[in-house]
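Remarks on the structure that follows.
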Amino acid sequence: MFSRFFSRVGLLAAPFLALIMAGCSKAEMTVRQSTLDPKGPVAKMQYDVFMDTVWLVVVLFILVGGLLVYAVIKFRARPGDEDAPRIEEGHGNPLVEIGLITASIGALVIIAIPTLSAIWYTDDVPVESVPTSKLSAWYPRLEGAKENYAKVVEEQVLEIDVIGKQWWFRFEYPQLGLTNDAKRSVPNEFVIPKGKAVRINLRSEDVIHSFWIPKLAGKVDLMPGRKNHMWIQGDEVGHYYGQCAEFCGDSHAYMRFRVEVVEPAEFAKWVQKQKTDAGAVVASPKAEKGKALFAAKTCSMCHNISGHYGAGAFAPDLTHVASRKSLAGAWLDNRDPKAQLAKEQQTQNTESSVEVDKEVLRANLKKWIGSSGVATGADGKPTKDVKPGNRMHFYKMFNVAGLTETQQKFTADELDCLAEYLLTLK
Amino acid sequence: MSETADAHDAPTSTGIDHKKLIMWLFLASDCMFFGTLISTHLLYRKLYPSGFTDAEGHQRFIQNLFNIELTSFSTFILLMSSFLMALAVSAMHKGEIKSFRRNVLGVIFFGLIFLGCQVFEFTHFYHQGLTIQNSVLGSTFYVLTGTHGTHVAIGVLWLILMYFYSFTGKLRGHMGALDVEVAGLYWHFVDIVWIIIFTAVYLVEYLGPNGIWGTGLPAAIK
Amino acid sequence: MSHDSHHAPVACKTELAPERSDLGLIRPDRTTGWTDWLTTVDHKKIGILYGAFAMFYFLVGGVEALAIRTQLIRPENDFVTARMYNQLFTMHGTTMIFLGVMPLSAAFFNFLVPLQIGARDVAFPRLNAFSLWTFVFGAFVLNASWFFEFAHLAGWLNSFDWHKALVYTDFAPANGWFSYAPLSGTFGQNGQALRFTGVGTDFWIIGIQVLGIASLAASFNFICTIINMRAKGMTMMRLPVFTWMTLITAILIILAFPAITVALIELMFDRAFGANFFNPSAGGQPVLWQHLFWIFGHPEVYILVLPAMGIVSEILPTFSGKALFGYPIIVFSGAVIGFLGFAVWSHHMFTTGLGPVPTAAFALLTMAIAVPTGVKIFNWLGTIWGGRVRFTPPMVLALGFIWMFMCGGFSGVMHSAAPADSQQQDSYFVIAHFHYVLLGGVLLGLMAGLYFWFPKIFGRMPNAPVAYIASGMVILGFNLAFGPMHYLGLAGMPRRTHTYQAGNGWENWNFIATIGAYILGAGVFIAFVNLFWTAFKGKKCASDPWGGRTLEWSLPSPVPEYNFAQAPIVATRDAYFEDRHGGKRIAYENDGGEAGVHMPSQSWMPLVASAGFLFAGFGMPMMAMGVPHAGWIVITGLGVLILGIWLWAVEGPGGYMLKTPAAAGSPAPVETAAH
């Protein structure tokens, strides 16, 4: 009985087939970080190469797997075999072997060709996106062409510097003057114009991170001591989700980020907005108190708020914190989750996004600032750590004299005031 | 000194003694070991050709530290110790235990001279400002040459123990000669590795008109 | 050198007069029980010990895996903390690779290789014992980190001011089995030795270092044994395929492990002495760690999989009733896989910004390695073709191996396309891929081997219905657990994340994967219980219950301590099978008669020497913890090691003569079962 059951080795394929069937529904294919739903030329190219391998593998799977199942069923032992004469011993057939080896090599050549062309295409902004260049299409950064290429890239391509830290990303637009040095950097959520090639320079300030927006491009690592780069281009307007893909310590899972692809005119407006300082706080006395607390609780030592506090350069820039759709390394979402879900379902598009919900943002701010057990919750117990190991309250990264914990305690009222103040920073 | 293999063991499939074969296998593995260390050093030398910065913040070049005459001398000594080791192995094969002891004592003595030179060199370099902590060059240099020094020290220890063991009268016959020969293989290998390290770490620094990979030294340094 | 060898043959070693070593100490010959197991130099007992430890650590690694899956059963679960999750996946990977699969393979090497080549032991029996105990102590050191971690969590270590000595109070390693610098290393200039991880990484470094020594020593021994101790007539091209794969695996180990040894030394110098090998702020290149690690790490993949391929190549012909199809090609493709395995390491690093030329080169080489792997699958298929397949438990598992390994191979081909890989790298797709290769492949292969050779090892037959149920649960649970991970990876779920948010579309498949993992875990547990029960209480069986092909089946079960009463002389490949089904192909040498068989004496010294690693291994992390005087523990350890080796050297090999049934003038009788 058992033998018969196991002779149907083909059953082993069942979970696989079920998976493939289930995975093929459109909703499953287009989830937020799906690699099967490319929205830019780089991801598209990678997807095409992937599908080439999928088709090859499916054909091989049916051939080899089918033969295996056939052989196992056809050549199973039957009653009476015990008395049958022994099978003539053969030790292989050279022609069969050579034929199969040649066939395998042939099959691999089929995927080798698109692989090679895609490697060069995805490596750097292609020449087609740099029309004025007179560079070698094959490898533009070869000798002699290097300086010229850099110049062309500077003129034609939007450059963004990405700096990875434990556990958030900082984005800078050196061509547009949005840099950390100018107190204009953008943490965790950045914006790119639709249809424009963007060259991304990847840098890390501590450990290795990896930059991955599945719908726009595969990942490239941010290696300390190494200048990596990649390029992306968003062909459809939307709110895209990315995540650090290299294990980088305790809160690696919380190291996420977002990118908004917008129309070029919209992008220009956004850049202009980033260059404005935070205005005077007129909202309420509560917010005024929060502003004072921001300095008193040493927040301003690390965080920059242009127009208010200019000393911080280490931590995320908070000048426009209230306009961002996420918080804490894009882990906490500042949008109303129900409204967002409804919108995604209504538009059948996971890139569509609702605006920031003020109350969600307020709750998130309080949760985040009050985390790490430094504030007490309503139940009198320390609040849950939103991002274990983060540097906001515990400066325990280094075992060097002088750099110890900078624990700040907050009362519920202080948290309220601080959140009220930060909410004014649109 | 002796593993299981017994005088009356069946002959091996290949005719090579187990002990000799396992030593060759160990040396094959050790090749990869030193290969990795030497590659690390060369990669970093290529990446950072400009030496290191000492405690006072001065840019230093490694030739200023090298005492190539001393290192050449210790290299020569190590080579000569290989010669004595060959004599010791040969004496053992002929069963001349006294000649073996004389020669192996020479090897030990030369090995100790080499180690002494290395200790001197390390302290000298350290006082000149090259430490394991202040540069990648210091890390790769000390770890590479130090690992080789450890190999030499293990060899010296092995030979010293073998020297004393020879007085028990148990180091004799085919198996005794085999034990010495295996130690000899190790010793020769350690010497050959030093020749490579001497070339890759010391001599290449003097290549080209001005040394250091032909990038040239600023006039002020010379 | 055999002054005190006992030249008068005895029937069993308890008949010996107390034997004294060259040191004058009594050798542990006459004793049985614990002393016997601790001092054994018998390759079969060492193999059984390897197997027992490996199966124990398989269960430990399995529990870690189930904790990981439990954490991921639903979004934002808090079954374990982020730190604990990172420690779990680090130790799960390390345990399964270094303490599970490698020693279980070593168990087969030990037990089978001398039997398959017609030898009475390995070339260096005491070195073999040293490898075993070094592995055991290395595993202790690695897992001791868990005891410190739990003691710390329980608050037992609070009296010590860790913050003075440590950055993080993480005691179990939380740096991944790959330990990428600088997360595992240091940061900051001029030897300030600022660290991102705590003492767990030091436990990991020293643990892997000790395990590496064990693997190296064992591999030297096995290459020597296979090359030098073959029976007369056993040419290289008549070796059983499992022995061939052992040889290739051992060669891979001796050439690949030095790279990780050096990398670990460099990392240790970075952490302990402020060196700058991988310290980016002082000019060190973290990418160098990745190169060194994967120059070891990729051959390691083949070190894990080749023994399982060898096992399957023994099982398929046996139960197809037909010789292995294309023996020379299978052997040759194994060698090519081993060789190419050294040339594809950078495909683990496609996303590190190597540049297009190296990426293209490694992509093509990776595709090339699929060819010899495919060749093996074709030849296994050719072996079944035209045969009479008997669905015994080992055969079912072996067929499962081919199927799962084929699936894993296909997703491997997908990874070789570097642009596609940049989407899959470090996602759950990769987890699915290598679990299909290492769990669906290697674990099924090793389980097949256990069921296949258990009757030989213990002379008892595992319970077949239980074996079928366990195999079915393993295969079903495995596919449920890891099949969905292909989708999860393509849906953008990165690996090594301790939690995930709802709304990404990952919830359902994670839930199914966790349920699958439970079924898989239960299946493995049932199989192990079945085997454990078999070892003691199973039904006694004939010496050749399956109709085996290689020399080990010519021996009685359990195999007597001298293996072969008379040394065999073989005239063909699969000589035992040919001998039974055709003409006479095995002759026996006229030894082991009146003079008896020479047996090596047992010894305490391998255990003593490797105990040095236990002290040194505990001492080094303690030094990093800032425990006062911990340096002396390290020095004691090195002293014990040197002392052990010295006593080992001067105690002499000893040895005694054992009477065998061959004294009666005929080889040991072979019973065969009808099948």
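Ligands are numbered from 1 in the order shown, chains are lettered A, B, ... in the order of the structure tokens, and residues start at 1 in each chain.
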
With 9 Å as the cut-off and only C-alpha atoms counted, what is the closest atom pair between each nearby residue of chain B and chain C? Distances in Å to one decimal, ordered by chain and number, as JSON lines.
```
{"residue": "B:Met1", "atom": "CA", "partner": "C:Ala649", "partner_atom": "CA", "distance": 4.6}
{"residue": "B:Ser2", "atom": "CA", "partner": "C:Ala649", "partner_atom": "CA", "distance": 5.5}
{"residue": "B:Glu3", "atom": "CA", "partner": "C:Pro653", "partner_atom": "CA", "distance": 6.0}
{"residue": "B:Thr4", "atom": "CA", "partner": "C:Pro653", "partner_atom": "CA", "distance": 4.7}
{"residue": "B:Ala5", "atom": "CA", "partner": "C:Phe124", "partner_atom": "CA", "distance": 7.6}
{"residue": "B:Asp6", "atom": "CA", "partner": "C:Met1", "partner_atom": "CA", "distance": 6.5}
{"residue": "B:Ala7", "atom": "CA", "partner": "C:Met1", "partner_atom": "CA", "distance": 6.7}
{"residue": "B:Asp9", "atom": "CA", "partner": "C:His598", "partner_atom": "CA", "distance": 8.3}
{"residue": "B:Ala10", "atom": "CA", "partner": "C:Met229", "partner_atom": "CA", "distance": 8.9}
{"residue": "B:Pro11", "atom": "CA", "partner": "C:Met229", "partner_atom": "CA", "distance": 8.6}
{"residue": "B:Thr12", "atom": "CA", "partner": "C:Asn228", "partner_atom": "CA", "distance": 5.0}
{"residue": "B:Ser13", "atom": "CA", "partner": "C:Asn228", "partner_atom": "CA", "distance": 4.6}
{"residue": "B:Thr14", "atom": "CA", "partner": "C:Asn228", "partner_atom": "CA", "distance": 5.7}
{"residue": "B:Gly15", "atom": "CA", "partner": "C:Asn228", "partner_atom": "CA", "distance": 7.7}
{"residue": "B:Ile16", "atom": "CA", "partner": "C:Asn228", "partner_atom": "CA", "distance": 7.5}
{"residue": "B:Asp17", "atom": "CA", "partner": "C:Asn228", "partner_atom": "CA", "distance": 8.1}
{"residue": "B:His18", "atom": "CA", "partner": "C:Cys224", "partner_atom": "CA", "distance": 6.4}
{"residue": "B:Lys19", "atom": "CA", "partner": "C:Cys224", "partner_atom": "CA", "distance": 8.7}
{"residue": "B:Leu21", "atom": "CA", "partner": "C:Cys224", "partner_atom": "CA", "distance": 6.4}
{"residue": "B:Ile22", "atom": "CA", "partner": "C:Phe220", "partner_atom": "CA", "distance": 5.9}
{"residue": "B:Met23", "atom": "CA", "partner": "C:Phe220", "partner_atom": "CA", "distance": 8.6}
{"residue": "B:Leu25", "atom": "CA", "partner": "C:Phe220", "partner_atom": "CA", "distance": 6.2}
{"residue": "B:Phe26", "atom": "CA", "partner": "C:Phe220", "partner_atom": "CA", "distance": 6.9}
{"residue": "B:Ala28", "atom": "CA", "partner": "C:Leu255", "partner_atom": "CA", "distance": 7.4}
{"residue": "B:Ser29", "atom": "CA", "partner": "C:Ile254", "partner_atom": "CA", "distance": 5.2}
{"residue": "B:Asp30", "atom": "CA", "partner": "C:Pro258", "partner_atom": "CA", "distance": 7.1}
{"residue": "B:Cys31", "atom": "CA", "partner": "C:Leu255", "partner_atom": "CA", "distance": 8.6}
{"residue": "B:Met32", "atom": "CA", "partner": "C:Pro258", "partner_atom": "CA", "distance": 5.9}
{"residue": "B:Phe33", "atom": "CA", "partner": "C:Pro258", "partner_atom": "CA", "distance": 4.6}
{"residue": "B:Phe34", "atom": "CA", "partner": "C:Pro258", "partner_atom": "CA", "distance": 8.4}
{"residue": "B:Gly35", "atom": "CA", "partner": "C:Ala259", "partner_atom": "CA", "distance": 8.7}
{"residue": "B:Thr36", "atom": "CA", "partner": "C:Ala259", "partner_atom": "CA", "distance": 6.1}
{"residue": "B:Leu37", "atom": "CA", "partner": "C:Val262", "partner_atom": "CA", "distance": 6.7}
{"residue": "B:Thr40", "atom": "CA", "partner": "C:Leu288", "partner_atom": "CA", "distance": 8.1}
{"residue": "B:Tyr44", "atom": "CA", "partner": "C:Gly284", "partner_atom": "CA", "distance": 8.2}
{"residue": "B:Tyr48", "atom": "CA", "partner": "C:Gly283", "partner_atom": "CA", "distance": 8.3}
{"residue": "B:Thr131", "atom": "CA", "partner": "C:Ala275", "partner_atom": "CA", "distance": 8.7}
{"residue": "B:Ile132", "atom": "CA", "partner": "C:Ala275", "partner_atom": "CA", "distance": 5.3}
{"residue": "B:Gln133", "atom": "CA", "partner": "C:Gly191", "partner_atom": "CA", "distance": 4.7}
{"residue": "B:Asn134", "atom": "CA", "partner": "C:Asn190", "partner_atom": "CA", "distance": 4.8}
{"residue": "B:Ser135", "atom": "CA", "partner": "C:Asn276", "partner_atom": "CA", "distance": 6.5}
{"residue": "B:Val136", "atom": "CA", "partner": "C:Asn276", "partner_atom": "CA", "distance": 5.2}
{"residue": "B:Leu137", "atom": "CA", "partner": "C:Asn276", "partner_atom": "CA", "distance": 8.6}
{"residue": "B:Gly138", "atom": "CA", "partner": "C:Ala275", "partner_atom": "CA", "distance": 8.0}
{"residue": "B:Ser139", "atom": "CA", "partner": "C:Ala275", "partner_atom": "CA", "distance": 5.3}
{"residue": "B:Thr140", "atom": "CA", "partner": "C:Phe277", "partner_atom": "CA", "distance": 7.3}
{"residue": "B:Val143", "atom": "CA", "partner": "C:Glu266", "partner_atom": "CA", "distance": 7.9}
{"residue": "B:Leu161", "atom": "CA", "partner": "C:Trp646", "partner_atom": "CA", "distance": 8.5}
{"residue": "B:Tyr165", "atom": "CA", "partner": "C:Val650", "partner_atom": "CA", "distance": 8.2}
{"residue": "B:Lys170", "atom": "CA", "partner": "C:Met1", "partner_atom": "CA", "distance": 7.3}
{"residue": "B:Leu171", "atom": "CA", "partner": "C:Met1", "partner_atom": "CA", "distance": 8.7}
{"residue": "B:Arg172", "atom": "CA", "partner": "C:Met1", "partner_atom": "CA", "distance": 8.6}
{"residue": "B:Gly173", "atom": "CA", "partner": "C:Met1", "partner_atom": "CA", "distance": 8.9}
{"residue": "B:Met175", "atom": "CA", "partner": "C:Met1", "partner_atom": "CA", "distance": 7.4}
{"residue": "B:Gly176", "atom": "CA", "partner": "C:Met1", "partner_atom": "CA", "distance": 8.7}
```

Apply DSSP to the structure's backbone, then extract all residues of segment 104-304 of chain C labelled strand (DSSP E or B) and return them as a ChimeraX atom specification.
-> /C:186-187,194-195,232

Just-selected residues, C-alpha atoms written as a PDB file, in the first residue's frame:
```pdb
ATOM      1  CA  THR C 186      34.871  46.706  14.369  1.00  0.00           C
ATOM      2  CA  PHE C 187      34.541  50.339  13.549  1.00  0.00           C
ATOM      3  CA  LEU C 194      34.286  49.750  18.594  1.00  0.00           C
ATOM      4  CA  ARG C 195      31.970  46.852  17.997  1.00  0.00           C
ATOM      5  CA  LYS C 232      44.103  -5.247  -3.560  1.00  0.00           C
TER       6      LYS C 232
END
```

Fewer than 6 positions away in the same chain doesn't count, so skip those; otherwise give me all residues within 12 Å of Ser166 of chain B, counting only C-alpha atoms, as a PyMOL selection string.
-> (chain B and resi 1+92+95-102+104-105+159-160+172-173+176-177+179-180) or (chain C and resi 650)

Writing out the chosen residues with N, CA and C atoms as a JSON list (two decimals), in the first residue's frame:
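The result, written out as again_27.json:
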```json
[["chain", "number", "residue", "atom", "x", "y", "z"],
["B", 1, "MET", "N", 55.73, 11.33, 18.16],
["B", 1, "MET", "CA", 56.26, 11.34, 16.80],
["B", 1, "MET", "C", 55.63, 10.25, 15.96],
["B", 92, "MET", "N", 69.59, 10.34, 9.03],
["B", 92, "MET", "CA", 68.64, 9.44, 9.67],
["B", 92, "MET", "C", 68.37, 8.23, 8.78],
["B", 95, "GLY", "N", 70.89, 5.88, 9.22],
["B", 95, "GLY", "CA", 70.98, 5.37, 10.58],
["B", 95, "GLY", "C", 72.07, 6.01, 11.41],
["B", 96, "GLU", "N", 72.62, 7.16, 10.93],
["B", 96, "GLU", "CA", 73.68, 7.81, 11.71],
["B", 96, "GLU", "C", 73.04, 8.77, 12.69],
["B", 97, "ILE", "N", 72.72, 8.29, 13.86],
["B", 97, "ILE", "CA", 71.91, 9.08, 14.79],
["B", 97, "ILE", "C", 72.69, 10.28, 15.31],
["B", 98, "LYS", "N", 74.02, 10.12, 15.46],
["B", 98, "LYS", "CA", 74.81, 11.24, 16.00],
["B", 98, "LYS", "C", 74.86, 12.38, 15.00],
["B", 99, "SER", "N", 75.08, 12.01, 13.74],
["B", 99, "SER", "CA", 75.09, 13.04, 12.70],
["B", 99, "SER", "C", 73.73, 13.72, 12.64],
["B", 100, "PHE", "N", 72.67, 12.92, 12.80],
["B", 100, "PHE", "CA", 71.32, 13.49, 12.81],
["B", 100, "PHE", "C", 71.19, 14.53, 13.91],
["B", 101, "ARG", "N", 71.66, 14.18, 15.13],
["B", 101, "ARG", "CA", 71.53, 15.10, 16.26],
["B", 101, "ARG", "C", 72.28, 16.40, 16.00],
["B", 102, "ARG", "N", 73.51, 16.27, 15.48],
["B", 102, "ARG", "CA", 74.31, 17.46, 15.18],
["B", 102, "ARG", "C", 73.55, 18.39, 14.24],
["B", 104, "VAL", "N", 70.36, 18.42, 13.36],
["B", 104, "VAL", "CA", 69.07, 18.93, 13.80],
["B", 104, "VAL", "C", 69.29, 20.05, 14.83],
["B", 105, "LEU", "N", 70.35, 19.93, 15.60],
["B", 105, "LEU", "CA", 70.69, 21.01, 16.52],
["B", 105, "LEU", "C", 70.98, 22.29, 15.74],
["B", 159, "LEU", "N", 61.21, 20.02, 16.44],
["B", 159, "LEU", "CA", 62.56, 19.48, 16.30],
["B", 159, "LEU", "C", 63.24, 19.32, 17.65],
["B", 160, "ILE", "N", 62.98, 20.27, 18.57],
["B", 160, "ILE", "CA", 63.58, 20.14, 19.91],
["B", 160, "ILE", "C", 63.07, 18.87, 20.58],
["B", 172, "ARG", "N", 64.33, 5.31, 15.59],
["B", 172, "ARG", "CA", 65.29, 4.52, 14.82],
["B", 172, "ARG", "C", 64.56, 3.76, 13.71],
["B", 173, "GLY", "N", 65.37, 3.20, 12.84],
["B", 173, "GLY", "CA", 64.83, 2.36, 11.77],
["B", 173, "GLY", "C", 64.04, 3.14, 10.75],
["B", 176, "GLY", "N", 61.56, 5.72, 12.29],
["B", 176, "GLY", "CA", 62.26, 6.89, 12.81],
["B", 176, "GLY", "C", 62.66, 7.82, 11.68],
["B", 177, "ALA", "N", 63.21, 7.23, 10.62],
["B", 177, "ALA", "CA", 63.62, 8.04, 9.47],
["B", 177, "ALA", "C", 62.42, 8.73, 8.85],
["B", 179, "ASP", "N", 59.65, 9.64, 10.44],
["B", 179, "ASP", "CA", 59.26, 10.75, 11.30],
["B", 179, "ASP", "C", 60.11, 11.98, 11.02],
["B", 180, "VAL", "N", 61.43, 11.75, 10.88],
["B", 180, "VAL", "CA", 62.32, 12.88, 10.62],
["B", 180, "VAL", "C", 62.03, 13.47, 9.25],
["C", 650, "VAL", "N", 54.54, 10.26, 22.35],
["C", 650, "VAL", "CA", 55.52, 9.40, 23.01],
["C", 650, "VAL", "C", 54.90, 8.13, 23.59]]
```

Within 6 Å of chain C, which residues of chain A are there when counting only C-alpha atoms? Please give them as a PyMOL selection string.
-> chain A and resi 3+31-35+46+49-50+53+71+75-77+89+91-92+115+119-120+207+218-221+224-225+228+245+250+253+398-399

Excluding Leu42 of chain B and any residue of its chain fewer than 4 positions from it, enumerate the residues within 9 Å of it, using only C-alpha atoms, and give them as a PyMOL selection string.
-> chain B and resi 37-38+46-47+140+200-201

All residues 10 Å or closer to Phe83 of chain B, only C-alpha atoms, same chain fewer than 6 positions away omitted, as a PyMOL selection string | chain B and resi 77+103+106-107+188

Take the selection from the previous step and output its residues with C-alpha atoms, as a compact mmCIF listing (two decimals), in the first residue's frame.
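Below is the file result-v8.txt, written as the result:
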```
# COMPACT_ATOMS: atom_id res chain seq x y z
CA ILE B 77 69.87 31.68 7.69
CA ASN B 103 72.43 18.62 12.12
CA GLY B 106 71.96 23.26 13.74
CA VAL B 107 68.46 23.57 12.31
CA HIS B 188 61.27 22.92 3.89
```

Identify, on the basis of only C-alpha atoms, every residue whose closest approach to Ala197 of chain A does not exceed 8 Å; exclude the query and any residue fewer than 3 positions from it along the same chain; express the result as a PyMOL selection string.
-> chain A and resi 125+129+157-158+231-234

Selected residues written out with N, CA and C atoms, as a compact mmCIF listing (two decimals), in the first residue's frame:
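Output (out11.txt):
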```txt
# COMPACT_ATOMS: atom_id res chain seq x y z
N VAL A 125 23.18 54.10 -15.64
CA VAL A 125 22.25 54.78 -16.53
C VAL A 125 22.70 54.54 -17.97
N SER A 129 19.67 57.08 -22.25
CA SER A 129 19.16 58.11 -21.36
C SER A 129 20.09 59.30 -21.30
N VAL A 157 21.24 63.48 -15.81
CA VAL A 157 20.61 62.51 -14.94
C VAL A 157 20.46 63.09 -13.55
N LEU A 158 19.35 62.78 -12.92
CA LEU A 158 19.17 63.20 -11.54
C LEU A 158 19.99 62.29 -10.64
N TRP A 231 20.92 52.50 -10.84
CA TRP A 231 20.01 53.50 -11.40
C TRP A 231 18.60 52.98 -11.40
N ILE A 232 17.66 53.91 -11.27
CA ILE A 232 16.25 53.55 -11.29
C ILE A 232 15.51 54.57 -12.14
N GLN A 233 14.32 54.20 -12.52
CA GLN A 233 13.46 55.14 -13.22
C GLN A 233 12.04 54.68 -12.96
N GLY A 234 11.22 55.63 -12.54
CA GLY A 234 9.82 55.29 -12.28
C GLY A 234 8.97 55.69 -13.45
```

One decimal, Å: what's the distance from atom CA of Glu260 of chain A over to atom CA of Gln175 of chain A, could you say?
-> 18.7 Å

Atom CA of Arg86 of chain A to atom CA of Ser313 of chain C measures 19.4 Å

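Atom to atom, atom CA of Leu79 of chain B and atom CA of Phe122 of chain B stand 20.7 Å apart.
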
DSSP says alpha helix (DSSP H) for which residues of segment 179-214 of chain B? Put them as a count of residues only?
-> 19
